[in-house]
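Data block for coords.pdb (PDB, C-alpha atoms):
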ATOM      1  CA  MET A   1     102.562  64.603 119.948
ATOM      2  CA  ALA A   2     105.318  64.071 122.492
ATOM      3  CA  GLY A   3     103.004  62.185 124.835
ATOM      4  CA  GLU A   4     102.704  64.988 127.393
ATOM      5  CA  THR A   5      99.595  67.000 128.271
ATOM      6  CA  LEU A   6      99.517  70.784 128.199
ATOM      7  CA  ALA A   7      98.365  70.783 131.845
ATOM      8  CA  SER A   8     101.541  68.968 132.922
ATOM      9  CA  MET A   9     103.733  71.683 131.392
ATOM     10  CA  LYS A  10     102.452  74.392 133.774
ATOM     11  CA  LEU A  11     102.271  76.917 130.948
ATOM     12  CA  LYS A  12     101.552  80.535 131.788
ATOM     13  CA  ARG A  13      98.214  81.619 130.342
ATOM     14  CA  PRO A  14      98.850  84.649 128.106
ATOM     15  CA  ASN A  15      96.824  87.811 128.642
ATOM     16  CA  PRO A  16      97.500  89.870 125.518
ATOM     17  CA  LYS A  17      96.390  93.495 125.336
ATOM     18  CA  HIS A  18      96.082  93.324 121.565
ATOM     19  CA  ILE A  19      94.256  91.521 118.775
ATOM     20  CA  SER A  20      96.083  89.624 116.017
ATOM     21  CA  VAL A  21      94.397  89.036 112.655
ATOM     22  CA  LYS A  22      96.106  86.777 110.126
ATOM     23  CA  GLU A  23      95.146  87.090 106.457
ATOM     24  CA  ALA A  24      96.077  84.939 103.479
ATOM     25  CA  VAL A  25      97.524  86.586 100.378
ATOM     26  CA  LEU A  26      95.668  85.134  97.403
ATOM     27  CA  PRO A  27      97.053  86.259  94.023
ATOM     28  CA  PHE A  28      93.948  85.376  91.975
ATOM     29  CA  ALA A  29      94.581  88.304  89.623
ATOM     30  CA  ARG A  30      97.604  86.481  88.175
ATOM     31  CA  PHE A  31      95.450  83.612  86.941
ATOM     32  CA  PRO A  32      92.901  84.707  84.314
ATOM     33  CA  GLY A  33      89.659  82.769  84.457
ATOM     34  CA  VAL A  34      90.209  81.348  87.949
ATOM     35  CA  ASP A  35      87.241  81.777  90.280
ATOM     36  CA  THR A  36      88.009  83.596  93.513
ATOM     37  CA  ILE A  37      85.839  81.369  95.675
ATOM     38  CA  LEU A  38      87.774  79.478  98.322
ATOM     39  CA  GLY A  39      88.137  75.709  98.197
ATOM     40  CA  PRO A  40      90.383  72.925  99.472
ATOM     41  CA  GLU A  41      93.280  73.803  97.168
ATOM     42  CA  MET A  42      96.311  75.638  98.555
ATOM     43  CA  ARG A  43      96.200  78.959  96.696
ATOM     44  CA  SER A  44      97.824  81.322  99.154
ATOM     45  CA  THR A  45     101.274  82.662  98.335
ATOM     46  CA  GLY A  46     101.857  83.984 101.811
ATOM     47  CA  GLU A  47     100.283  85.481 104.887
ATOM     48  CA  VAL A  48     100.184  88.850 106.604
ATOM     49  CA  MET A  49      99.130  89.869 110.089
ATOM     50  CA  GLY A  50      97.449  92.943 111.511
ATOM     51  CA  LEU A  51      98.104  93.856 115.149
ATOM     52  CA  ASP A  52      96.263  96.470 117.167
ATOM     53  CA  GLU A  53      94.405  97.075 120.398
ATOM     54  CA  ASN A  54      90.985  96.462 118.851
ATOM     55  CA  PHE A  55      89.625  94.125 116.219
ATOM     56  CA  GLY A  56      88.509  96.735 113.695
ATOM     57  CA  ARG A  57      91.947  98.317 113.375
ATOM     58  CA  ALA A  58      93.699  94.938 113.403
ATOM     59  CA  PHE A  59      91.474  93.660 110.600
ATOM     60  CA  ALA A  60      91.995  96.863 108.616
ATOM     61  CA  LYS A  61      95.763  96.411 108.889
ATOM     62  CA  SER A  62      95.502  92.799 107.749
ATOM     63  CA  GLN A  63      93.551  93.865 104.667
ATOM     64  CA  ILE A  64      96.061  96.577 103.799
ATOM     65  CA  GLY A  65      98.888  94.075 104.195
ATOM     66  CA  ALA A  66      97.149  91.665 101.824
ATOM     67  CA  GLY A  67      96.675  94.385  99.213
ATOM     68  CA  THR A  68      92.992  95.172  99.793
ATOM     69  CA  LYS A  69      92.028  98.836  99.952
ATOM     70  CA  LEU A  70      88.818  99.227 101.930
ATOM     71  CA  PRO A  71      86.610 102.161 100.913
ATOM     72  CA  THR A  72      85.494 104.763 103.440
ATOM     73  CA  GLY A  73      82.485 105.800 101.374
ATOM     74  CA  GLY A  74      80.493 105.030  98.249
ATOM     75  CA  ALA A  75      78.060 102.221  97.447
ATOM     76  CA  VAL A  76      78.023  98.675  98.791
ATOM     77  CA  PHE A  77      76.418  95.877  96.774
ATOM     78  CA  ILE A  78      74.701  93.246  98.904
ATOM     79  CA  SER A  79      73.341  89.905  97.758
ATOM     80  CA  VAL A  80      73.139  87.192 100.392
ATOM     81  CA  LYS A  81      71.690  83.695 100.620
ATOM     82  CA  ASP A  82      68.462  83.103 102.530
ATOM     83  CA  GLY A  83      70.257  81.845 105.620
ATOM     84  CA  ASP A  84      72.156  85.136 105.915
ATOM     85  CA  LYS A  85      69.309  87.561 105.252
ATOM     86  CA  ASP A  86      68.550  88.113 108.946
ATOM     87  CA  LEU A  87      72.248  88.728 109.648
ATOM     88  CA  ILE A  88      72.893  91.392 107.018
ATOM     89  CA  GLU A  89      70.844  94.114 108.719
ATOM     90  CA  ALA A  90      73.491  95.073 111.287
ATOM     91  CA  PRO A  91      76.424  95.689 108.891
ATOM     92  CA  ALA A  92      74.078  97.320 106.351
ATOM     93  CA  ARG A  93      72.726  99.692 108.993
ATOM     94  CA  GLU A  94      76.247 100.549 110.181
ATOM     95  CA  LEU A  95      77.406 101.281 106.630
ATOM     96  CA  LEU A  96      74.384 103.529 106.060
ATOM     97  CA  ALA A  97      75.233 105.419 109.250
ATOM     98  CA  MET A  98      78.733 105.981 107.829
ATOM     99  CA  GLY A  99      77.280 107.514 104.676
ATOM    100  CA  PHE A 100      77.385 104.529 102.329
ATOM    101  CA  SER A 101      74.482 103.806  99.987
ATOM    102  CA  LEU A 102      73.061 100.291  99.604
ATOM    103  CA  VAL A 103      72.513  98.427  96.328
ATOM    104  CA  ALA A 104      71.029  94.934  96.387
ATOM    105  CA  THR A 105      69.419  92.229  94.312
ATOM    106  CA  ARG A 106      65.634  91.943  94.652
ATOM    107  CA  GLY A 107      65.475  89.266  97.344
ATOM    108  CA  THR A 108      68.016  90.954  99.576
ATOM    109  CA  ALA A 109      66.526  94.388  98.886
ATOM    110  CA  ARG A 110      63.084  93.225 100.089
ATOM    111  CA  VAL A 111      64.600  92.126 103.399
ATOM    112  CA  LEU A 112      66.509  95.387 103.866
ATOM    113  CA  GLU A 113      63.469  97.483 102.945
ATOM    114  CA  ALA A 114      61.361  95.519 105.441
ATOM    115  CA  LYS A 115      63.894  96.582 108.093
ATOM    116  CA  GLY A 116      63.400 100.217 107.085
ATOM    117  CA  LEU A 117      66.702 100.594 105.249
ATOM    118  CA  PRO A 118      66.850 102.563 101.976
ATOM    119  CA  VAL A 119      68.245 100.415  99.169
ATOM    120  CA  ALA A 120      68.439 100.597  95.374
ATOM    121  CA  VAL A 121      67.521  97.437  93.449
ATOM    122  CA  ILE A 122      69.862  96.115  90.769
ATOM    123  CA  ASN A 123      69.588  93.187  88.364
ATOM    124  CA  LYS A 124      71.476  89.945  88.712
ATOM    125  CA  VAL A 125      73.550  89.178  85.611
ATOM    126  CA  LEU A 126      71.001  86.606  84.437
ATOM    127  CA  GLU A 127      68.167  89.140  84.725
ATOM    128  CA  GLY A 128      69.560  91.360  81.985
ATOM    129  CA  ARG A 129      71.218  94.718  81.703
ATOM    130  CA  PRO A 130      71.967  96.990  83.378
ATOM    131  CA  HIS A 131      73.173  94.526  86.002
ATOM    132  CA  VAL A 132      75.626  94.388  88.893
ATOM    133  CA  VAL A 133      78.691  93.645  86.751
ATOM    134  CA  ASP A 134      77.879  96.703  84.611
ATOM    135  CA  ALA A 135      77.700  98.786  87.786
ATOM    136  CA  LEU A 136      81.067  97.439  88.931
ATOM    137  CA  LYS A 137      82.679  98.268  85.588
ATOM    138  CA  ASN A 138      81.163 101.750  85.701
ATOM    139  CA  GLY A 139      82.764 102.402  89.094
ATOM    140  CA  GLU A 140      79.379 102.628  90.803
ATOM    141  CA  ILE A 141      80.095  99.982  93.466
ATOM    142  CA  ASN A 142      82.904 100.263  96.001
ATOM    143  CA  LEU A 143      82.352  97.192  98.185
ATOM    144  CA  VAL A 144      80.694  93.790  97.674
ATOM    145  CA  PHE A 145      79.044  91.458 100.192
ATOM    146  CA  ASN A 146      77.900  88.303  98.397
ATOM    147  CA  THR A 147      77.142  84.945 100.009
ATOM    148  CA  THR A 148      75.852  82.004  97.987
ATOM    149  CA  ASP A 149      74.144  78.692  98.644
ATOM    150  CA  GLY A 150      74.242  75.840  96.151
ATOM    151  CA  ALA A 151      76.216  75.033  93.022
ATOM    152  CA  GLN A 152      74.052  77.051  90.621
ATOM    153  CA  ALA A 153      74.177  80.196  92.747
ATOM    154  CA  LEU A 154      77.957  79.815  92.928
ATOM    155  CA  VAL A 155      78.194  79.650  89.140
ATOM    156  CA  ASP A 156      75.759  82.551  88.678
ATOM    157  CA  SER A 157      77.817  84.857  90.907
ATOM    158  CA  SER A 158      81.237  83.996  89.428
ATOM    159  CA  SER A 159      81.157  86.961  87.028
ATOM    160  CA  ILE A 160      80.619  89.313  89.967
ATOM    161  CA  ARG A 161      83.621  87.899  91.793
ATOM    162  CA  ARG A 162      85.801  88.129  88.692
ATOM    163  CA  ALA A 163      84.779  91.722  87.964
ATOM    164  CA  ALA A 164      85.401  92.755  91.577
ATOM    165  CA  LEU A 165      88.832  91.122  91.466
ATOM    166  CA  THR A 166      89.818  92.748  88.171
ATOM    167  CA  LEU A 167      88.611  96.163  89.301
ATOM    168  CA  LYS A 168      90.139  95.811  92.793
ATOM    169  CA  VAL A 169      86.799  96.187  94.570
ATOM    170  CA  PRO A 170      86.872  94.535  98.032
ATOM    171  CA  TYR A 171      84.703  91.423  98.021
ATOM    172  CA  TYR A 172      83.522  89.363 101.013
ATOM    173  CA  THR A 173      81.779  85.990 100.645
ATOM    174  CA  THR A 174      80.833  85.288 104.280
ATOM    175  CA  MET A 175      78.840  87.177 106.880
ATOM    176  CA  ALA A 176      81.828  87.048 109.221
ATOM    177  CA  GLY A 177      83.897  88.774 106.538
ATOM    178  CA  ALA A 178      81.185  91.381 105.936
ATOM    179  CA  ALA A 179      80.944  92.167 109.651
ATOM    180  CA  ALA A 180      84.735  92.365 109.998
ATOM    181  CA  ALA A 181      85.068  94.635 106.970
ATOM    182  CA  THR A 182      82.389  96.937 108.382
ATOM    183  CA  GLN A 183      84.272  97.225 111.667
ATOM    184  CA  ALA A 184      87.513  97.890 109.785
ATOM    185  CA  ILE A 185      85.915 100.662 107.722
ATOM    186  CA  GLN A 186      84.591 102.241 110.905
ATOM    187  CA  ALA A 187      88.117 102.132 112.361
ATOM    188  CA  LEU A 188      89.584 103.739 109.233
ATOM    189  CA  ARG A 189      87.009 106.536 109.349
ATOM    190  CA  THR A 190      87.574 107.373 113.013
ATOM    191  CA  GLY A 191      91.331 107.808 112.927
ATOM    192  CA  SER A 192      94.634 106.931 111.369
ATOM    193  CA  LEU A 193      96.249 103.558 111.924
ATOM    194  CA  GLU A 194      99.368 103.569 114.058
ATOM    195  CA  VAL A 195     102.442 101.426 113.564
ATOM    196  CA  ALA A 196     104.390 100.034 116.511
ATOM    197  CA  PRO A 197     107.362  97.658 116.842
ATOM    198  CA  LEU A 198     106.381  94.008 117.147
ATOM    199  CA  GLN A 199     108.238  93.853 120.468
ATOM    200  CA  SER A 200     105.833  96.409 121.962
ATOM    201  CA  TYR A 201     102.965  93.896 121.718
ATOM    202  CA  SER A 202     103.793  91.940 124.869
ATOM    203  CA  LEU A 203     101.833  89.016 126.257
TER     204      LEU A 203
END

Take the structure from the file and write it as structure tokens.
Amino acid sequence: MAGETLASMKLKRPNPKHISVKEAVLPFARFPGVDTILGPEMRSTGEVMGLDENFGRAFAKSQIGAGTKLPTGGAVFISVKDGDKDLIEAPARELLAMGFSLVATRGTARVLEAKGLPVAVINKVLEGRPHVVDALKNGEINLVFNTTDGAQALVDSSSIRRAALTLKVPYYTTMAGAAAATQAIQALRTGSLEVAPLQSYSL
């Protein structure tokens, strides 16, 4: 902006020994009826940051700072769009290894079963009761991974997002978020998070 190049400033390349994860604080719960899906509107009321020596712990800290309590056990509901079905195996397998159980809609369940993963099938809301929102309200689901593709799928899954929000069940709508949450849960299960002064995280 000032007309100078970064190369001309002879800046020292930082070599941090830590990972920083910034998370937006989105107070959807204060606005009844608002969908939790992200869009172009500015909905964040602030930001928090998690700092640690590895990504899993840093992400876990960022979630805690934003008010999300990640589970260390229980059942995870998985329903992902076709383009993500090949990517869901890794986090699903890791969660199984940590003792979680898997619950999925029929299309996702077929993919997971084909990979040799045990999974319980549950109805979408439009398929009739008992369905995934019933399971959320009954406290049977502790974590949600749900990616959608297309306007109709977005509308169909809005009740799941709203129920998860109301019941404070962590909900991730991208595969990157699902993978990060899985790493964070692993970090929480393997030890306590440590707090250090900001000044100790030198570049």

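Matched in the shown structure by the PyMOL selection byres ((chain A and resi 84) around 10): Ser79, Val80, Lys81, Asp82, Gly83, Lys85, Asp86, Leu87, Ile88, Glu89, Thr108, Asn146, Thr147, Thr148, Asp149, Thr174 and Met175 of chain A.
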
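With CA of Val25 in chain A on one side and CA of Leu143 in chain A on the other, the separation reads 18.6 Å.
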
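For the choices A:Val76, A:Val144, A:Leu70, A:Lys137, the atom-to-atom distance to Glu94 in chain A is smallest for A:Val76 when using all atoms listed in the file.
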
Let me know the residues the PyMOL selection byres ((chain A and resi 21) around 10) catches in the file above, as a list in words.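 That selection, the PyMOL selection byres ((chain A and resi 21) around 10), comes back as Ile19, Ser20, Lys22, Glu23, Val48, Met49, Gly50, Leu51, Asp52, Phe55, Gly56, Arg57, Ala58, Phe59, Ala60, Lys61, Ser62 and Gln63 of chain A.
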
What would the file look like if the residues just selected were written as a PDB file, in the coordinates of the input with C-alpha atoms?
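Contents of part_16.pdb, as written:
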ATOM      1  CA  ILE A  19      94.256  91.521 118.775  1.00  0.00           C
ATOM      2  CA  SER A  20      96.083  89.624 116.017  1.00  0.00           C
ATOM      3  CA  LYS A  22      96.106  86.777 110.126  1.00  0.00           C
ATOM      4  CA  GLU A  23      95.146  87.090 106.457  1.00  0.00           C
ATOM      5  CA  VAL A  48     100.184  88.850 106.604  1.00  0.00           C
ATOM      6  CA  MET A  49      99.130  89.869 110.089  1.00  0.00           C
ATOM      7  CA  GLY A  50      97.449  92.943 111.511  1.00  0.00           C
ATOM      8  CA  LEU A  51      98.104  93.856 115.149  1.00  0.00           C
ATOM      9  CA  ASP A  52      96.263  96.470 117.167  1.00  0.00           C
ATOM     10  CA  PHE A  55      89.625  94.125 116.219  1.00  0.00           C
ATOM     11  CA  GLY A  56      88.509  96.735 113.695  1.00  0.00           C
ATOM     12  CA  ARG A  57      91.947  98.317 113.375  1.00  0.00           C
ATOM     13  CA  ALA A  58      93.699  94.938 113.403  1.00  0.00           C
ATOM     14  CA  PHE A  59      91.474  93.660 110.600  1.00  0.00           C
ATOM     15  CA  ALA A  60      91.995  96.863 108.616  1.00  0.00           C
ATOM     16  CA  LYS A  61      95.763  96.411 108.889  1.00  0.00           C
ATOM     17  CA  SER A  62      95.502  92.799 107.749  1.00  0.00           C
ATOM     18  CA  GLN A  63      93.551  93.865 104.667  1.00  0.00           C
TER      19      GLN A  63
END

Return as lines of an AutoDock Vina configuration file the box centre and box size in Å, one decimal, for an axis-aligned box around all listed atoms of range 173-188 of chain A padded by 3 Å per side.
center_x = 84.2
center_y = 94.5
center_z = 106.5
size_x = 16.7
size_y = 24.5
size_z = 17.7

For Ser158 in chain A, the nearest of the candidates A:Arg129, A:Lys124, A:Arg189, A:Arg106, counting all atoms listed in the file: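 For Ser158 in chain A, the nearest of the candidates is A:Lys124.
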
Of the candidates A:Leu188, A:Ala97, A:Ile160, A:Ala7, which one gets nearest to Thr173 in chain A if we count only C-alpha atoms?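 Checking each of A:Leu188, A:Ala97, A:Ile160, A:Ala7 against Thr173 in chain A, counting only C-alpha atoms, the winner is A:Ile160.
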
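For the pair CA of Leu136 in chain A and CA of Gly99 in chain A, the separation is 19.1 Å.
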